[in-house]
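Following: one structure in structure tokens, then a few remarks.
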Amino acid sequence: MNFLKVLFRNLRQGPSTDPFPFGETFTPEALRGRIAFDASRCSVCRMCEHVCAGGAIRFEETPQGVEFILWHNTCTFCGLCEHYCVPKAIHLTNDWHLAHKQEDKYRMIEEGTMYFKSCVACSSAFLPPSDALLDKVYPTPAAIDPAMSELCPDCRRARAAAQQTTPGMAQIHEPGLTLRPLRLNHNEKRHD
Amino acid sequence: MSLLNTIASRSPWLYRINAGSCNGCDVELATTACIPRYDVERLGCQYCGSPKHADIVLITGPLTMKVKEKVLRVFQEIPEPKVTVAIGICPISGGVFRDSYAIAGPMDSYLPIDVNVPGCPPRPQAIIEGIAMAIDIWRQRIQEPA
Amino acid sequence: MIELIRQVEDLFNQHLTPGYTFDTRINKWNVATAWVRLSSSEQLLPAATSIKQVGGRLHTISAYQRVEGKPSEIHEIAYHFDLDGATLTITVLLADGQRDIPSLTPVFHNADWNEREFMELYDINAVGHPNPTRLFIDENIDAAVLQKFIPFSDMVNAASTKSLWEKIMQQRGEKQ
């Protein structure tokens, strides 16, 4: 007699089959799916390339800048790239509609270009840190040193070295940065 | 003959080949057919036990050196016309095992693949999407004159 | 932490033949590390026994070739010990052609698999090992075979990363 109870329960509840592909299906918001890359947030630290489990990420240098290429067909959707990206330039969306025909196999890519900037002091090409990274690193927008986006690393080093000997040489928003003495770790000897 | 072809085009039978897979994708394949929640049988599909009955071939796993000969032999047993679907990133590119000494290379260097479903493992709904694409190709192929 | 290192150093002074170097470092967070370089492989077992006496543990053993870049017959073995938080590393150099080293397994049982591993990968003989059988590599294959041949994936042309990226870049080129 138990089967009647089950029968009526099933008739009331309806089928438990997921309606896809004949209807909408449930997609969790945090599902790790297709990669979205925002080149305006990337500072080319290449951490994503380093931690990528499937070796799906590749950076290519061109005369204009650095290109980011990710191939979905070897991406494991593990999310390590998103986890380790500081300015959150790379993000896994919840788009799981990735099935494709064989002819599209090498077109399943996500790409972006980070352009070089010209140093105002020496005119060499360098990759400026993105605004997203500067926002994360500096405590307030007013604290951001404008030289980070204008001078190449070598010119910034030369400026910092000069400031060690002549304090107040240039406007720095964090005065403690250059006037603090350099700390060498005297306790550790070099390994052989 | 064409009547039989028209009828057959509505029930493609699935055959699974595991070419050295970690079984993650095979578990996902089990959930698309065996449980009523994602039910691939609505599309007319059914898992068959013999390669001779197969219409759509689902391949998982990077082609490991040890299993390569056996997979190629089984694939030859499957009669034309057939549609081959690569499930997961391992057969498509070698996945995380690419360049290993134990992998023979991406699957499409050895077998003709028609549909790719990337993911590690892909969602059951994504697998059904791939199988639906394969069914479209299958209907075209079986209606063609031999 | 530094206390145990001092004890071990005293025991070394008592039981080991001279010629080894014992170097202790403490960094600014008070983490102590000790670096020992033995002058001969006979000093290894007395050193290990001394460490066992103060309650030290063996972490792992690293064997490597001394010359970087090309195959060489000069090997070095580093034994990594833990002394209640302080690390002590004993390095033994095996001069050209020398292939024998006393086995640590009778003193530290967890050296067993580490020694079997370097026996099959570097063709070094751990004298006194209770079970010197192969760990992973098949019996019919020579020891240290991985150093003698080119990578297998290169040989069977299975390495596919380069060709896959070439195809992807080609498609991008067509699209652009």
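Each chain in the structure tokens gets a letter, A, B and so on, in the order shown; residues start at 1 in every chain, and ligands are counted from 1 in the order they appear.
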
**Message:** I'd like the contact shell of range 13-30 of chain C - 10 Å cut-off, only C-alpha atoms, skipping same-chain residues fewer than 4 positions apart - returned as a VMD selection string.
**Reply:** (chain A and resid 185 to 189) or (chain C and resid 1 to 2 5 to 9 34 to 40 42 to 47 49 to 50 86 to 92)

**Request:** Could you please write out, as number ranges by chain, every residue of range 2-173 of chain C that DSSP assigns to helix (DSSP H, G or I)?
**Result:** C: 2-15, 41-53, 111-122, 145-147, 152-155, 161-173

**Item:** Distance criterion (only C-alpha atoms): nearest to chain B out of A:Val86, A:Met108, A:Val120, A:Cys48
**Value:**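 Among the listed residues, the smallest separation from chain B belongs to A:Met108.
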
**Prompt:** Quick one: of B:Gly61, B:Pro81, B:Pro91, B:Pro124, who's nearest to Ala30 in chain B, counting only C-alpha atoms?
**Reply:**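 Of B:Gly61, B:Pro81, B:Pro91, B:Pro124, the one nearest Ala30 in chain B is B:Pro124, counting only C-alpha atoms.
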
**Prompt:** Can you list, as a list in words, every protein, DNA or RNA residue that comes within 10 Å of Ile135 in chain B when you count only C-alpha atoms, leaving out same-chain residues fewer than 6 positions away?
**Reply:**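 Listing them by chain and then by number gives Ser9, Arg10, Ser11, Pro12, Trp13, Leu43, Gly44, Cys45, Asp55, Ile56, Val83, Glu129 and Arg141 of chain B.
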
**Distance of CA of Trp113 in chain C from CA of Gly128 in chain C, expressed in Å to one decimal place** =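 These two atoms are separated by 13.8 Å.
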
**Message:** Could you go through range 11-110 of chain C and tell me which residues DSSP, when run on the backbone, assigns to strand (DSSP E or B), listing them as an MDAnalysis selection string?
**Reply:** chainID C and resid 21:26 32:38 57:65 75:83 86:94 100:102

Could the residues in this selection be written to a file with N, CA and C atoms, as a compact mmCIF listing (two decimals), in the first residue's frame?
# COMPACT_ATOMS: atom_id res chain seq x y z
N THR C 21 82.91 20.36 9.35
CA THR C 21 82.61 21.75 9.75
C THR C 21 81.18 21.81 10.29
N PHE C 22 80.99 22.60 11.34
CA PHE C 22 79.68 22.73 11.98
C PHE C 22 79.38 24.22 12.09
N ASP C 23 78.38 24.66 11.38
CA ASP C 23 78.11 26.09 11.28
C ASP C 23 76.68 26.35 11.74
N THR C 24 76.51 27.21 12.75
CA THR C 24 75.16 27.49 13.24
C THR C 24 74.77 28.91 12.91
N ARG C 25 73.55 29.11 12.48
CA ARG C 25 73.07 30.47 12.19
C ARG C 25 71.75 30.70 12.89
N ILE C 26 71.56 31.92 13.37
CA ILE C 26 70.26 32.29 13.93
C ILE C 26 69.80 33.54 13.21
N ALA C 32 66.86 28.88 14.41
CA ALA C 32 68.23 28.40 14.34
C ALA C 32 68.36 27.32 13.27
N THR C 33 69.43 27.41 12.48
CA THR C 33 69.72 26.35 11.51
C THR C 33 71.19 25.99 11.65
N ALA C 34 71.48 24.72 11.47
CA ALA C 34 72.86 24.26 11.58
C ALA C 34 73.24 23.56 10.29
N TRP C 35 74.44 23.80 9.82
CA TRP C 35 74.90 23.24 8.54
C TRP C 35 76.21 22.50 8.82
N VAL C 36 76.20 21.21 8.54
CA VAL C 36 77.36 20.37 8.82
C VAL C 36 77.86 19.82 7.50
N ARG C 37 79.16 19.90 7.29
CA ARG C 37 79.72 19.27 6.10
C ARG C 37 80.74 18.25 6.57
N LEU C 38 80.50 16.98 6.25
CA LEU C 38 81.41 15.93 6.71
C LEU C 38 82.57 15.80 5.75
N ARG C 57 64.84 14.14 14.56
CA ARG C 57 64.14 13.34 13.55
C ARG C 57 64.79 13.58 12.20
N LEU C 58 64.70 12.57 11.36
CA LEU C 58 65.15 12.75 9.98
C LEU C 58 63.94 13.18 9.16
N HIS C 59 64.10 14.30 8.43
CA HIS C 59 63.01 14.76 7.56
C HIS C 59 63.06 14.00 6.27
N THR C 60 64.14 14.22 5.52
CA THR C 60 64.24 13.62 4.21
C THR C 60 65.70 13.65 3.80
N ILE C 61 65.97 12.99 2.67
CA ILE C 61 67.33 12.92 2.17
C ILE C 61 67.32 13.42 0.74
N SER C 62 68.22 14.35 0.41
CA SER C 62 68.31 14.82 -0.98
C SER C 62 69.65 14.41 -1.54
N ALA C 63 69.60 13.67 -2.63
CA ALA C 63 70.85 13.34 -3.32
C ALA C 63 70.87 14.14 -4.61
N TYR C 64 72.04 14.60 -5.01
CA TYR C 64 72.10 15.38 -6.24
C TYR C 64 73.50 15.30 -6.83
N GLN C 65 73.60 15.70 -8.09
CA GLN C 65 74.90 15.74 -8.73
C GLN C 65 75.52 17.08 -8.47
N HIS C 75 78.70 13.06 -6.74
CA HIS C 75 77.40 13.21 -6.09
C HIS C 75 77.56 13.78 -4.71
N GLU C 76 76.49 14.37 -4.23
CA GLU C 76 76.47 14.87 -2.87
C GLU C 76 75.13 14.47 -2.28
N ILE C 77 75.13 14.12 -0.99
CA ILE C 77 73.86 13.74 -0.35
C ILE C 77 73.67 14.66 0.85
N ALA C 78 72.48 15.25 0.95
CA ALA C 78 72.17 16.12 2.08
C ALA C 78 71.12 15.42 2.93
N TYR C 79 71.41 15.27 4.23
CA TYR C 79 70.45 14.65 5.15
C TYR C 79 69.83 15.77 5.97
N HIS C 80 68.51 15.86 5.97
CA HIS C 80 67.83 16.97 6.65
C HIS C 80 67.22 16.48 7.94
N PHE C 81 67.67 17.02 9.07
CA PHE C 81 67.16 16.59 10.37
C PHE C 81 66.39 17.72 11.04
N ASP C 82 65.50 17.33 11.95
CA ASP C 82 64.73 18.32 12.70
C ASP C 82 65.05 18.12 14.18
N LEU C 83 65.48 19.20 14.85
CA LEU C 83 65.75 19.14 16.29
C LEU C 83 64.75 20.04 16.99
N ALA C 86 64.47 23.32 15.19
CA ALA C 86 65.68 23.78 14.50
C ALA C 86 66.05 22.74 13.45
N THR C 87 66.54 23.22 12.31
CA THR C 87 66.91 22.24 11.28
C THR C 87 68.42 22.08 11.25
N LEU C 88 68.84 20.86 11.00
CA LEU C 88 70.26 20.57 10.89
C LEU C 88 70.44 19.79 9.60
N THR C 89 71.36 20.24 8.77
CA THR C 89 71.58 19.56 7.49
C THR C 89 73.00 19.05 7.46
N ILE C 90 73.12 17.76 7.19
CA ILE C 90 74.45 17.16 7.06
C ILE C 90 74.69 16.88 5.59
N THR C 91 75.78 17.42 5.04
CA THR C 91 76.09 17.21 3.63
C THR C 91 77.34 16.34 3.52
N VAL C 92 77.24 15.32 2.68
CA VAL C 92 78.38 14.43 2.46
C VAL C 92 78.72 14.47 0.99
N LEU C 93 79.96 14.73 0.67
CA LEU C 93 80.38 14.73 -0.73
C LEU C 93 80.92 13.35 -1.08
N LEU C 94 80.43 12.80 -2.19
CA LEU C 94 80.99 11.54 -2.67
C LEU C 94 81.90 11.88 -3.84
N ASP C 100 79.66 4.38 -2.50
CA ASP C 100 79.15 3.75 -1.29
C ASP C 100 78.95 4.77 -0.19
N ILE C 101 77.84 4.64 0.52
CA ILE C 101 77.58 5.49 1.68
C ILE C 101 76.92 4.60 2.73
N PRO C 102 77.26 4.76 4.00
CA PRO C 102 76.60 3.92 5.01
C PRO C 102 75.11 4.24 5.06

**Request:** Give me, as a list of chain:residue names, the contact residues of chain B against chain C at a cut-off of 10 Å, counting only C-alpha atoms.
**Result:** B:Met65, B:Ser93, B:Gly94, B:Arg98, B:Asp99, B:Ser100, B:Tyr101, B:Ala102, B:Ile103, B:Ala104, B:Gly105, B:Pro106

**Request:** Do me a favour and pick out the residues of chain B within 12 Å of chain A, using only C-alpha atoms, as a ChimeraX atom specification.
**Result:** /B:31-43,62,83-99,106-108,111-134,136-137

**Request:** Rank C:Val127, C:Ile74, C:Ile168, C:Leu135 by their smallest atom-to-atom distance to chain A, using only C-alpha atoms, and report the top residue only.
**Result:** C:Ile168

**Prompt:** Which of these residues is nearest to chain A, using only C-alpha atoms: C:Leu121, C:Leu11, C:Val31, C:Ala95?
**Reply:**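 Among the listed residues, C:Val31 lies closest to chain A.
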
**Message:** List the spatial neighbours of Ile69 in chain A as a VMD selection string - criterion: any atom at most 6 Å away, only C-alpha atoms, same-chain residues fewer than 2 positions off excluded.
**Reply:** chain A and resid 57 to 58 110 to 111

**Item:** Top pick for closest residue to Gln64 in chain A, considering A:Met47, A:Ala125, A:Ala89, A:Ala30 and counting only C-alpha atoms
**Value:** A:Ala125

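Once Lys167 in chain C and its same-chain neighbours fewer than 4 positions away are set aside, Tyr106 of chain A; Ser163 and Gln171 of chain C remain within 8 Å of it when counting only C-alpha atoms.
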
**Message:** Measuring between only C-alpha atoms, which one of A:Leu134, A:Cys81, A:Val6, A:Cys119 shows the shortest distance to Cys152 in chain A?
**Reply:** A:Cys119
